[in-house]
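K.L.:
Quick one, work38.tsv (TSV, C-alpha atoms and all ligand atoms):
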chain	number	residue	atom	x	y	z
L	1	MET	CA	-15.98	-1.97	2.26
L	2	LEU	CA	-16.86	1.66	1.50
L	3	ASP	CA	-19.15	1.99	4.56
L	4	ASN	CA	-16.27	0.96	6.83
L	5	LEU	CA	-13.93	3.39	5.09
L	6	VAL	CA	-16.33	6.27	5.73
L	7	GLU	CA	-17.22	5.23	9.26
L	8	HIS	CA	-13.81	4.21	10.61
L	9	GLY	CA	-11.34	5.71	8.14
L	10	TRP	CA	-10.18	2.28	7.03
L	11	SER	CA	-11.45	-1.01	5.65
L	12	GLN	CA	-10.13	-4.34	4.51
L	13	HIS	CA	-11.21	-6.90	1.99
L	14	GLN	CA	-9.81	-10.44	2.29
L	15	LEU	CA	-10.05	-11.77	-1.24
L	16	PHE	CA	-9.78	-8.62	-3.27
L	17	LEU	CA	-7.35	-9.82	-5.95
L	18	PRO	CA	-7.76	-13.16	-7.75
L	19	ALA	CA	-5.26	-15.75	-6.46
L	20	ASP	CA	-3.63	-16.28	-9.88
L	21	LEU	CA	-3.01	-12.55	-10.30
L	22	THR	CA	-1.62	-12.27	-6.77
L	23	LEU	CA	0.78	-15.14	-7.50
L	24	ALA	CA	1.93	-13.49	-10.74
L	25	LEU	CA	2.51	-10.16	-8.96
L	26	ALA	CA	4.43	-11.86	-6.15
L	27	ALA	CA	6.63	-13.63	-8.74
L	28	GLU	CA	7.24	-10.30	-10.50
L	29	CYS	CA	8.21	-8.58	-7.25
L	30	LEU	CA	10.64	-11.38	-6.38
L	31	ALA	CA	12.10	-11.37	-9.90
L	32	LEU	CA	12.67	-7.61	-9.69
L	33	ARG	CA	14.39	-8.11	-6.38
L	34	ASN	CA	16.59	-10.88	-7.76
L	35	VAL	CA	17.88	-8.69	-10.60
L	36	ASP	CA	18.47	-5.82	-8.18
L	37	ALA	CA	15.75	-3.67	-9.76
L	38	LEU	CA	14.29	-2.50	-6.43
L	39	LYS	CA	15.56	0.73	-4.90
L	40	TRP	CA	15.87	1.61	-1.24
L	41	ALA	CA	12.91	3.75	-0.30
L	42	SER	CA	13.73	7.22	0.94
L	43	VAL	CA	12.13	9.52	3.46
L	44	GLY	CA	11.15	13.14	2.76
L	45	ARG	CA	10.62	14.93	-0.54
L	46	GLY	CA	12.72	16.55	-3.24
L	47	LYS	CA	16.22	17.54	-2.13
L	48	GLN	CA	15.41	16.42	1.42
L	49	GLN	CA	15.15	12.75	0.36
L	50	THR	CA	17.43	10.43	2.26
L	51	ARG	CA	17.55	6.75	3.00
L	52	GLN	CA	16.94	6.15	6.70
L	53	ALA	CA	16.55	2.44	7.26
L	54	SER	CA	15.58	2.94	10.90
L	55	ILE	CA	12.53	4.94	9.76
L	56	ARG	CA	11.74	3.03	6.59
L	57	GLY	CA	13.40	-0.25	5.58
L	58	ASP	CA	11.61	-1.30	2.41
L	59	GLN	CA	12.84	-1.50	-1.18
L	60	ILE	CA	10.45	-0.33	-3.88
L	61	ARG	CA	9.76	-0.11	-7.58
L	62	TRP	CA	7.12	2.21	-9.06
L	63	LEU	CA	4.77	0.57	-11.55
L	64	LYS	CA	4.49	1.75	-15.13
L	65	ALA	CA	1.61	0.91	-17.43
L	66	GLY	CA	2.73	-1.76	-19.90
L	67	GLN	CA	5.53	-3.24	-17.77
L	68	SER	CA	3.77	-6.62	-17.55
L	69	LEU	CA	0.40	-8.26	-18.09
L	70	ALA	CA	-0.02	-8.80	-14.34
L	71	CYS	CA	0.68	-5.15	-13.50
L	72	ASP	CA	-1.71	-3.96	-16.20
L	73	ARG	CA	-4.43	-6.26	-14.86
L	74	TYR	CA	-3.82	-4.94	-11.35
L	75	LEU	CA	-3.87	-1.31	-12.52
L	76	GLN	CA	-7.13	-1.95	-14.38
L	77	ILE	CA	-8.73	-3.37	-11.22
L	78	MET	CA	-7.56	-0.39	-9.20
L	79	ASP	CA	-8.91	1.99	-11.81
L	80	ASN	CA	-12.31	0.32	-11.50
L	81	LEU	CA	-12.04	0.79	-7.74
L	82	ARG	CA	-11.20	4.47	-8.32
L	83	LEU	CA	-14.41	4.88	-10.32
L	84	LEU	CA	-16.40	3.08	-7.62
L	85	LEU	CA	-14.96	5.37	-4.93
L	86	ASN	CA	-15.85	8.41	-7.02
L	87	ARG	CA	-19.36	7.18	-7.72
L	88	HIS	CA	-20.20	6.37	-4.09
L	89	LEU	CA	-18.12	8.83	-2.09
L	90	PHE	CA	-17.83	11.73	-4.57
L	91	LEU	CA	-14.08	11.95	-4.03
L	92	GLY	CA	-13.03	13.23	-7.45
L	93	LEU	CA	-10.05	10.90	-7.62
L	94	ASP	CA	-8.11	11.42	-10.85
L	95	GLU	CA	-5.33	8.87	-10.77
L	96	TYR	CA	-3.69	5.96	-9.03
L	97	GLU	CA	0.04	5.57	-8.39
L	98	SER	CA	1.57	2.40	-6.99
L	99	HIS	CA	4.83	0.65	-6.18
L	100	PHE	CA	5.99	-2.81	-5.23
L	101	ALA	CA	7.46	-2.89	-1.73
L	102	PHE	CA	9.80	-5.54	-0.40
L	103	TYR	CA	10.62	-5.74	3.31
L	104	ALA	CA	13.44	-8.14	4.16
L	105	PRO	CA	13.23	-9.85	7.57
L	106	GLY	CA	13.56	-7.24	10.33
L	107	ALA	CA	12.70	-4.28	8.08
L	108	SER	CA	9.94	-1.94	9.23
L	109	TYR	CA	8.34	1.43	8.56
L	110	MET	CA	7.79	3.69	11.57
L	111	LYS	CA	4.45	5.29	12.35
L	112	HIS	CA	3.59	7.89	9.68
L	113	LEU	CA	0.95	9.56	7.53
L	114	ASP	CA	0.95	9.02	3.75
L	115	ARG	CA	0.21	12.63	2.91
L	116	PHE	CA	3.15	14.97	2.35
L	117	ARG	CA	3.16	18.38	3.98
L	118	ASP	CA	3.54	20.14	0.62
L	119	ASP	CA	1.24	17.86	-1.42
L	120	ASP	CA	-2.32	17.07	-0.39
L	121	CYS	CA	-3.25	15.09	-3.52
L	122	ARG	CA	-3.03	11.65	-1.93
L	123	THR	CA	-6.53	10.91	-0.69
L	124	ILE	CA	-7.01	7.16	-0.24
L	125	SER	CA	-4.14	4.76	0.49
L	126	ALA	CA	-4.41	1.17	-0.74
L	127	VAL	CA	-2.17	-1.74	0.19
L	128	ILE	CA	-2.40	-5.20	-1.36
L	129	TYR	CA	-0.45	-8.10	0.09
L	130	LEU	CA	1.35	-10.76	-1.92
L	131	ASN	CA	2.44	-13.24	0.76
L	132	GLU	CA	1.05	-16.77	0.68
L	133	ASP	CA	0.34	-18.61	3.94
L	134	TRP	CA	1.33	-15.75	6.22
L	135	LEU	CA	1.03	-16.61	9.92
L	136	PRO	CA	0.37	-13.89	12.53
L	137	GLU	CA	3.41	-15.07	14.53
L	138	GLN	CA	5.62	-14.17	11.56
L	139	GLY	CA	4.98	-10.49	12.38
L	140	GLY	CA	4.92	-7.91	9.60
L	141	ALA	CA	1.49	-6.56	10.47
L	142	LEU	CA	0.23	-3.27	9.18
L	143	ARG	CA	-0.69	-1.50	12.42
L	144	LEU	CA	-3.36	1.18	12.02
L	145	HIS	CA	-3.85	3.88	14.64
L	146	PRO	CA	-7.41	5.18	14.11
L	147	GLU	CA	-7.94	8.32	16.16
L	148	GLY	CA	-9.81	7.59	19.39
L	149	GLU	CA	-10.08	3.88	18.60
L	150	CYS	CA	-8.01	0.79	19.36
L	151	THR	CA	-5.05	0.02	17.13
L	152	GLN	CA	-5.70	-2.59	14.45
L	153	ASP	CA	-3.11	-5.13	13.30
L	154	ILE	CA	-3.62	-6.53	9.81
L	155	THR	CA	-1.55	-9.50	8.70
L	156	PRO	CA	-0.07	-9.12	5.19
L	157	LEU	CA	-1.79	-12.17	3.74
L	158	ALA	CA	-1.98	-12.71	-0.03
L	159	CYS	CA	-4.98	-11.22	-1.90
L	160	ARG	CA	-5.90	-8.87	0.98
L	161	LEU	CA	-6.65	-5.20	0.31
L	162	VAL	CA	-6.54	-2.49	2.97
L	163	LEU	CA	-7.86	1.00	2.28
L	164	PHE	CA	-7.48	4.02	4.54
L	165	LEU	CA	-7.68	7.81	4.46
L	166	SER	CA	-4.23	9.10	3.55
L	167	ALA	CA	-4.51	12.38	5.43
L	168	ASP	CA	-5.80	11.03	8.74
L	169	MET	CA	-4.70	7.47	9.38
L	170	GLN	CA	-1.41	7.04	11.22
L	171	HIS	CA	0.04	3.61	10.49
L	172	GLU	CA	3.23	1.56	10.66
L	173	VAL	CA	4.72	-1.66	9.36
L	174	LEU	CA	6.03	-4.03	12.03
L	175	PRO	CA	9.14	-6.14	11.40
L	176	ALA	CA	8.66	-9.71	10.21
L	177	THR	CA	10.64	-12.92	10.33
L	178	ARG	CA	10.26	-13.58	6.58
L	179	ASP	CA	10.26	-11.57	3.34
L	180	ARG	CA	7.19	-9.37	3.10
L	181	MET	CA	5.88	-8.16	-0.26
L	182	SER	CA	3.11	-5.72	-1.04
L	183	LEU	CA	1.78	-3.26	-3.57
L	184	ALA	CA	1.24	0.12	-1.96
L	185	GLY	CA	-0.74	2.73	-3.86
L	186	TRP	CA	-2.50	6.06	-3.62
L	187	PHE	CA	-5.64	7.39	-5.23
L	188	ARG	CA	-4.93	11.03	-5.95
L	189	ARG	CA	-6.86	14.15	-6.72
L	190	ARG	CA	-5.38	16.44	-9.32
L	191	SER	CA	-3.31	19.20	-7.72
L	201	LIG	C1	3.61	2.74	2.82
L	201	LIG	C2	2.99	1.85	3.82
L	201	LIG	C3	2.08	-0.31	4.43
L	201	LIG	C4	2.27	-1.78	4.19
L	201	LIG	O1	4.24	2.24	1.87
L	201	LIG	O2	3.47	3.98	2.96
L	201	LIG	O3	2.57	2.35	4.82
L	201	LIG	O4	1.59	-2.56	4.90
L	201	LIG	N1	2.87	0.52	3.58
L	201	LIG	O5	3.07	-2.19	3.34
L	202	MN	MN	2.22	4.47	4.56
For the structure just supplied, provide its representation as structure tokens.
P.N.:
Amino acid sequence: MLDNLVEHGWSQHQLFLPADLTLALAAECLALRNVDALKWASVGRGKQQTRQASIRGDQIRWLKAGQSLACDRYLQIMDNLRLLLNRHLFLGLDEYESHFAFYAPGASYMKHLDRFRDDDCRTISAVIYLNEDWLPEQGGALRLHPEGECTQDITPLACRLVLFLSADMQHEVLPATRDRMSLAGWFRRRS
């Protein structure tokens, strides 16, 4: 996984999260959606933040430690991954931030980079998918655009982890024909 990340700027791992944890996280994301606890994601930073559904159509909720057993288990696993990344790639990652993301059918996220112009702390992006029995024909792929290489479409199938370099990897979320849930997160260096 780490060799691919270094060599190609991205990597994926099919069965990263245990199935029972993935199910619990999917149920939590759906429950949050059903009580209207997700917020429309915005584009830009600070005062420039606006909702632009044509650029970004997901609804999100940032995770807080202690919000549920499942989230704490997930955050613990990601913290172990942070330590592994530091040990093997000497990245000096200090923290991990993450949110649930819910894309209703037809919602998408146009091609972008995860690093903000005024904040270069985000170093490695991580996305974990929560969708059981996803079929490629249902759309919703994460499309990576590695520089000088072919684009890569990754289906958002439950338990799958995708890692990529936040500063370099252009990527987009294609529209789907069914609800699409994920946990997006960023390993950060201290500013
Ligand atoms: C993001 C993002 C990808 C995905 O939230 O910045 O690119 O597959 N998500 O959900
Ligand atoms: Mn992104």
K.L.:
Considering all atoms listed in the file, tabulate each residue of chain L that lies at most 10 Å from ligand MN 202 (chain L) along with its nearest interatomic pair and the corresponding distance in Å to one decimal; arrange the rows by chain and ascending residue number and present them as JSON lines.
P.N.:
{"residue": "L:Arg56", "atom": "CA", "partner": "L:MN202", "partner_atom": "MN", "distance": 9.8}
{"residue": "L:Tyr109", "atom": "CA", "partner": "L:MN202", "partner_atom": "MN", "distance": 7.9}
{"residue": "L:Met110", "atom": "CA", "partner": "L:MN202", "partner_atom": "MN", "distance": 9.0}
{"residue": "L:Lys111", "atom": "CA", "partner": "L:MN202", "partner_atom": "MN", "distance": 8.1}
{"residue": "L:His112", "atom": "CA", "partner": "L:MN202", "partner_atom": "MN", "distance": 6.3}
{"residue": "L:Leu113", "atom": "CA", "partner": "L:MN202", "partner_atom": "MN", "distance": 6.0}
{"residue": "L:Asp114", "atom": "CA", "partner": "L:MN202", "partner_atom": "MN", "distance": 4.8}
{"residue": "L:Arg115", "atom": "CA", "partner": "L:MN202", "partner_atom": "MN", "distance": 8.6}
{"residue": "L:Ser125", "atom": "CA", "partner": "L:MN202", "partner_atom": "MN", "distance": 7.6}
{"residue": "L:Ala126", "atom": "CA", "partner": "L:MN202", "partner_atom": "MN", "distance": 9.1}
{"residue": "L:Val127", "atom": "CA", "partner": "L:MN202", "partner_atom": "MN", "distance": 8.8}
{"residue": "L:Leu142", "atom": "CA", "partner": "L:MN202", "partner_atom": "MN", "distance": 9.2}
{"residue": "L:Leu144", "atom": "CA", "partner": "L:MN202", "partner_atom": "MN", "distance": 9.9}
{"residue": "L:Phe164", "atom": "CA", "partner": "L:MN202", "partner_atom": "MN", "distance": 9.7}
{"residue": "L:Ser166", "atom": "CA", "partner": "L:MN202", "partner_atom": "MN", "distance": 8.0}
{"residue": "L:Met169", "atom": "CA", "partner": "L:MN202", "partner_atom": "MN", "distance": 9.0}
{"residue": "L:Gln170", "atom": "CA", "partner": "L:MN202", "partner_atom": "MN", "distance": 8.0}
{"residue": "L:His171", "atom": "CA", "partner": "L:MN202", "partner_atom": "MN", "distance": 6.4}
{"residue": "L:Glu172", "atom": "CA", "partner": "L:MN202", "partner_atom": "MN", "distance": 6.8}
{"residue": "L:Val173", "atom": "CA", "partner": "L:MN202", "partner_atom": "MN", "distance": 8.2}
{"residue": "L:Ala184", "atom": "CA", "partner": "L:MN202", "partner_atom": "MN", "distance": 7.9}
{"residue": "L:Gly185", "atom": "CA", "partner": "L:MN202", "partner_atom": "MN", "distance": 9.1}
{"residue": "L:Trp186", "atom": "CA", "partner": "L:MN202", "partner_atom": "MN", "distance": 9.6}
K.L.:
Between L:Ala141, L:Leu25, L:Cys159, L:Leu174, which has the minimum distance to Asp72 of chain L (counting only C-alpha atoms)?
P.N.:
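Closest to Asp72 of chain L, using only C-alpha atoms: L:Leu25.
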K.L.:
For Leu17 of chain L, list every protein, DNA or RNA residue within 8 Å, evaluated using all atoms listed in the file, and leave out those in the same chain fewer than 4 positions away; present the list as number ranges by chain.
P.N.:
L: 21-22, 159-161
K.L.:
List every residue of segment 63-151 of chain L that has an atom at most 8 Å from any atom of segment 27-33 of chain L, and for each one report the closest atom pair and its distance in Å to one decimal, counting all atoms listed in the file, with rows sorted by chain and then by increasing residue number, as CSV.
P.N.:
residue,atom,partner,partner_atom,distance
L:Phe100,CA,L:Cys29,CA,6.5
L:Ala101,CA,L:Cys29,CA,8.0
L:Phe102,CA,L:Cys29,CA,7.7
K.L.:
Pull the neighbourhood of (-7.0, 13.6, -1.6) for me: all residues within 8 Å in file coordinates, counting all atoms listed in the file, as number ranges by chain.
P.N.:
L: 91, 93, 120-124, 166-167, 187-189
K.L.:
Report as a PDB file with C-alpha atoms, in the frame of the given file all protein, DNA and RNA residues lying within 12 Å of Leu157 of chain L, evaluated on only C-alpha atoms, omitting residues in the same chain fewer than 3 positions from it.
P.N.:
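Saved the output as result_25.pdb:
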ATOM      1  CA  GLN L  12     -10.130  -4.340   4.510  1.00  0.00           C
ATOM      2  CA  HIS L  13     -11.210  -6.900   1.990  1.00  0.00           C
ATOM      3  CA  GLN L  14      -9.810 -10.440   2.290  1.00  0.00           C
ATOM      4  CA  LEU L  15     -10.050 -11.770  -1.240  1.00  0.00           C
ATOM      5  CA  PHE L  16      -9.780  -8.620  -3.270  1.00  0.00           C
ATOM      6  CA  LEU L  17      -7.350  -9.820  -5.950  1.00  0.00           C
ATOM      7  CA  ALA L  19      -5.260 -15.750  -6.460  1.00  0.00           C
ATOM      8  CA  THR L  22      -1.620 -12.270  -6.770  1.00  0.00           C
ATOM      9  CA  LEU L  23       0.780 -15.140  -7.500  1.00  0.00           C
ATOM     10  CA  ALA L  26       4.430 -11.860  -6.150  1.00  0.00           C
ATOM     11  CA  VAL L 127      -2.170  -1.740   0.190  1.00  0.00           C
ATOM     12  CA  ILE L 128      -2.400  -5.200  -1.360  1.00  0.00           C
ATOM     13  CA  TYR L 129      -0.450  -8.100   0.090  1.00  0.00           C
ATOM     14  CA  LEU L 130       1.350 -10.760  -1.920  1.00  0.00           C
ATOM     15  CA  ASN L 131       2.440 -13.240   0.760  1.00  0.00           C
ATOM     16  CA  GLU L 132       1.050 -16.770   0.680  1.00  0.00           C
ATOM     17  CA  ASP L 133       0.340 -18.610   3.940  1.00  0.00           C
ATOM     18  CA  TRP L 134       1.330 -15.750   6.220  1.00  0.00           C
ATOM     19  CA  LEU L 135       1.030 -16.610   9.920  1.00  0.00           C
ATOM     20  CA  PRO L 136       0.370 -13.890  12.530  1.00  0.00           C
ATOM     21  CA  GLN L 138       5.620 -14.170  11.560  1.00  0.00           C
ATOM     22  CA  GLY L 139       4.980 -10.490  12.380  1.00  0.00           C
ATOM     23  CA  GLY L 140       4.920  -7.910   9.600  1.00  0.00           C
ATOM     24  CA  ALA L 141       1.490  -6.560  10.470  1.00  0.00           C
ATOM     25  CA  LEU L 142       0.230  -3.270   9.180  1.00  0.00           C
ATOM     26  CA  ASP L 153      -3.110  -5.130  13.300  1.00  0.00           C
ATOM     27  CA  ILE L 154      -3.620  -6.530   9.810  1.00  0.00           C
ATOM     28  CA  ARG L 160      -5.900  -8.870   0.980  1.00  0.00           C
ATOM     29  CA  LEU L 161      -6.650  -5.200   0.310  1.00  0.00           C
ATOM     30  CA  VAL L 162      -6.540  -2.490   2.970  1.00  0.00           C
ATOM     31  CA  ARG L 180       7.190  -9.370   3.100  1.00  0.00           C
ATOM     32  CA  MET L 181       5.880  -8.160  -0.260  1.00  0.00           C
ATOM     33  CA  SER L 182       3.110  -5.720  -1.040  1.00  0.00           C
TER      34      SER L 182
END
K.L.:
Just checking: using only C-alpha atoms, which residue out of L:Asp119, L:Asp36, L:Glu137, L:Glu97 ends up closest to Tyr74 of chain L?
P.N.:
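Using only C-alpha atoms, Tyr74 of chain L sits closest to L:Glu97.
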K.L.:
Return the single residue from L:Ser108, L:Thr177, L:Ser98, L:Gln48 that is closest to Arg143 of chain L, with distances computed using all atoms listed in the file.
P.N.:
L:Ser108
K.L.:
I'd like to know which of L:Pro156, L:Gly66, L:Gly9, L:Pro175 is closest to ligand LIG 201 (chain L), using all atoms listed in the file.
P.N.:
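Answer, going by the shortest atom-to-atom distance: L:Pro156.
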K.L.:
Just give me the gap between atom CA of Leu81 of chain L and atom CA of Asp58 of chain L in Å, one decimal is fine.
P.N.:
25.8 Å
K.L.:
What is the atom C3 of ligand LIG 201 (chain L) to atom CA of Pro18 of chain L distance in Å?
P.N.:
20.3 Å
K.L.:
State, in Å with one decimal place, the distance from atom CA of His88 of chain L to atom CA of Leu2 of chain L.
P.N.:
8.0 Å
K.L.:
Counting only C-alpha atoms, find residues at most 12 Å from (16.6, 1.5, 7.8) (file frame) and give them as a ChimeraX atom specification.
P.N.:
/L:40-43,50-59,103-110,175
K.L.:
Could you check the closest approach to ligand LIG 201 (chain L) for each of L:Asp179, L:Asp118, L:Glu7, L:Asp20 and tell me which residue wins, using all atoms listed in the file?
P.N.:
L:Asp179
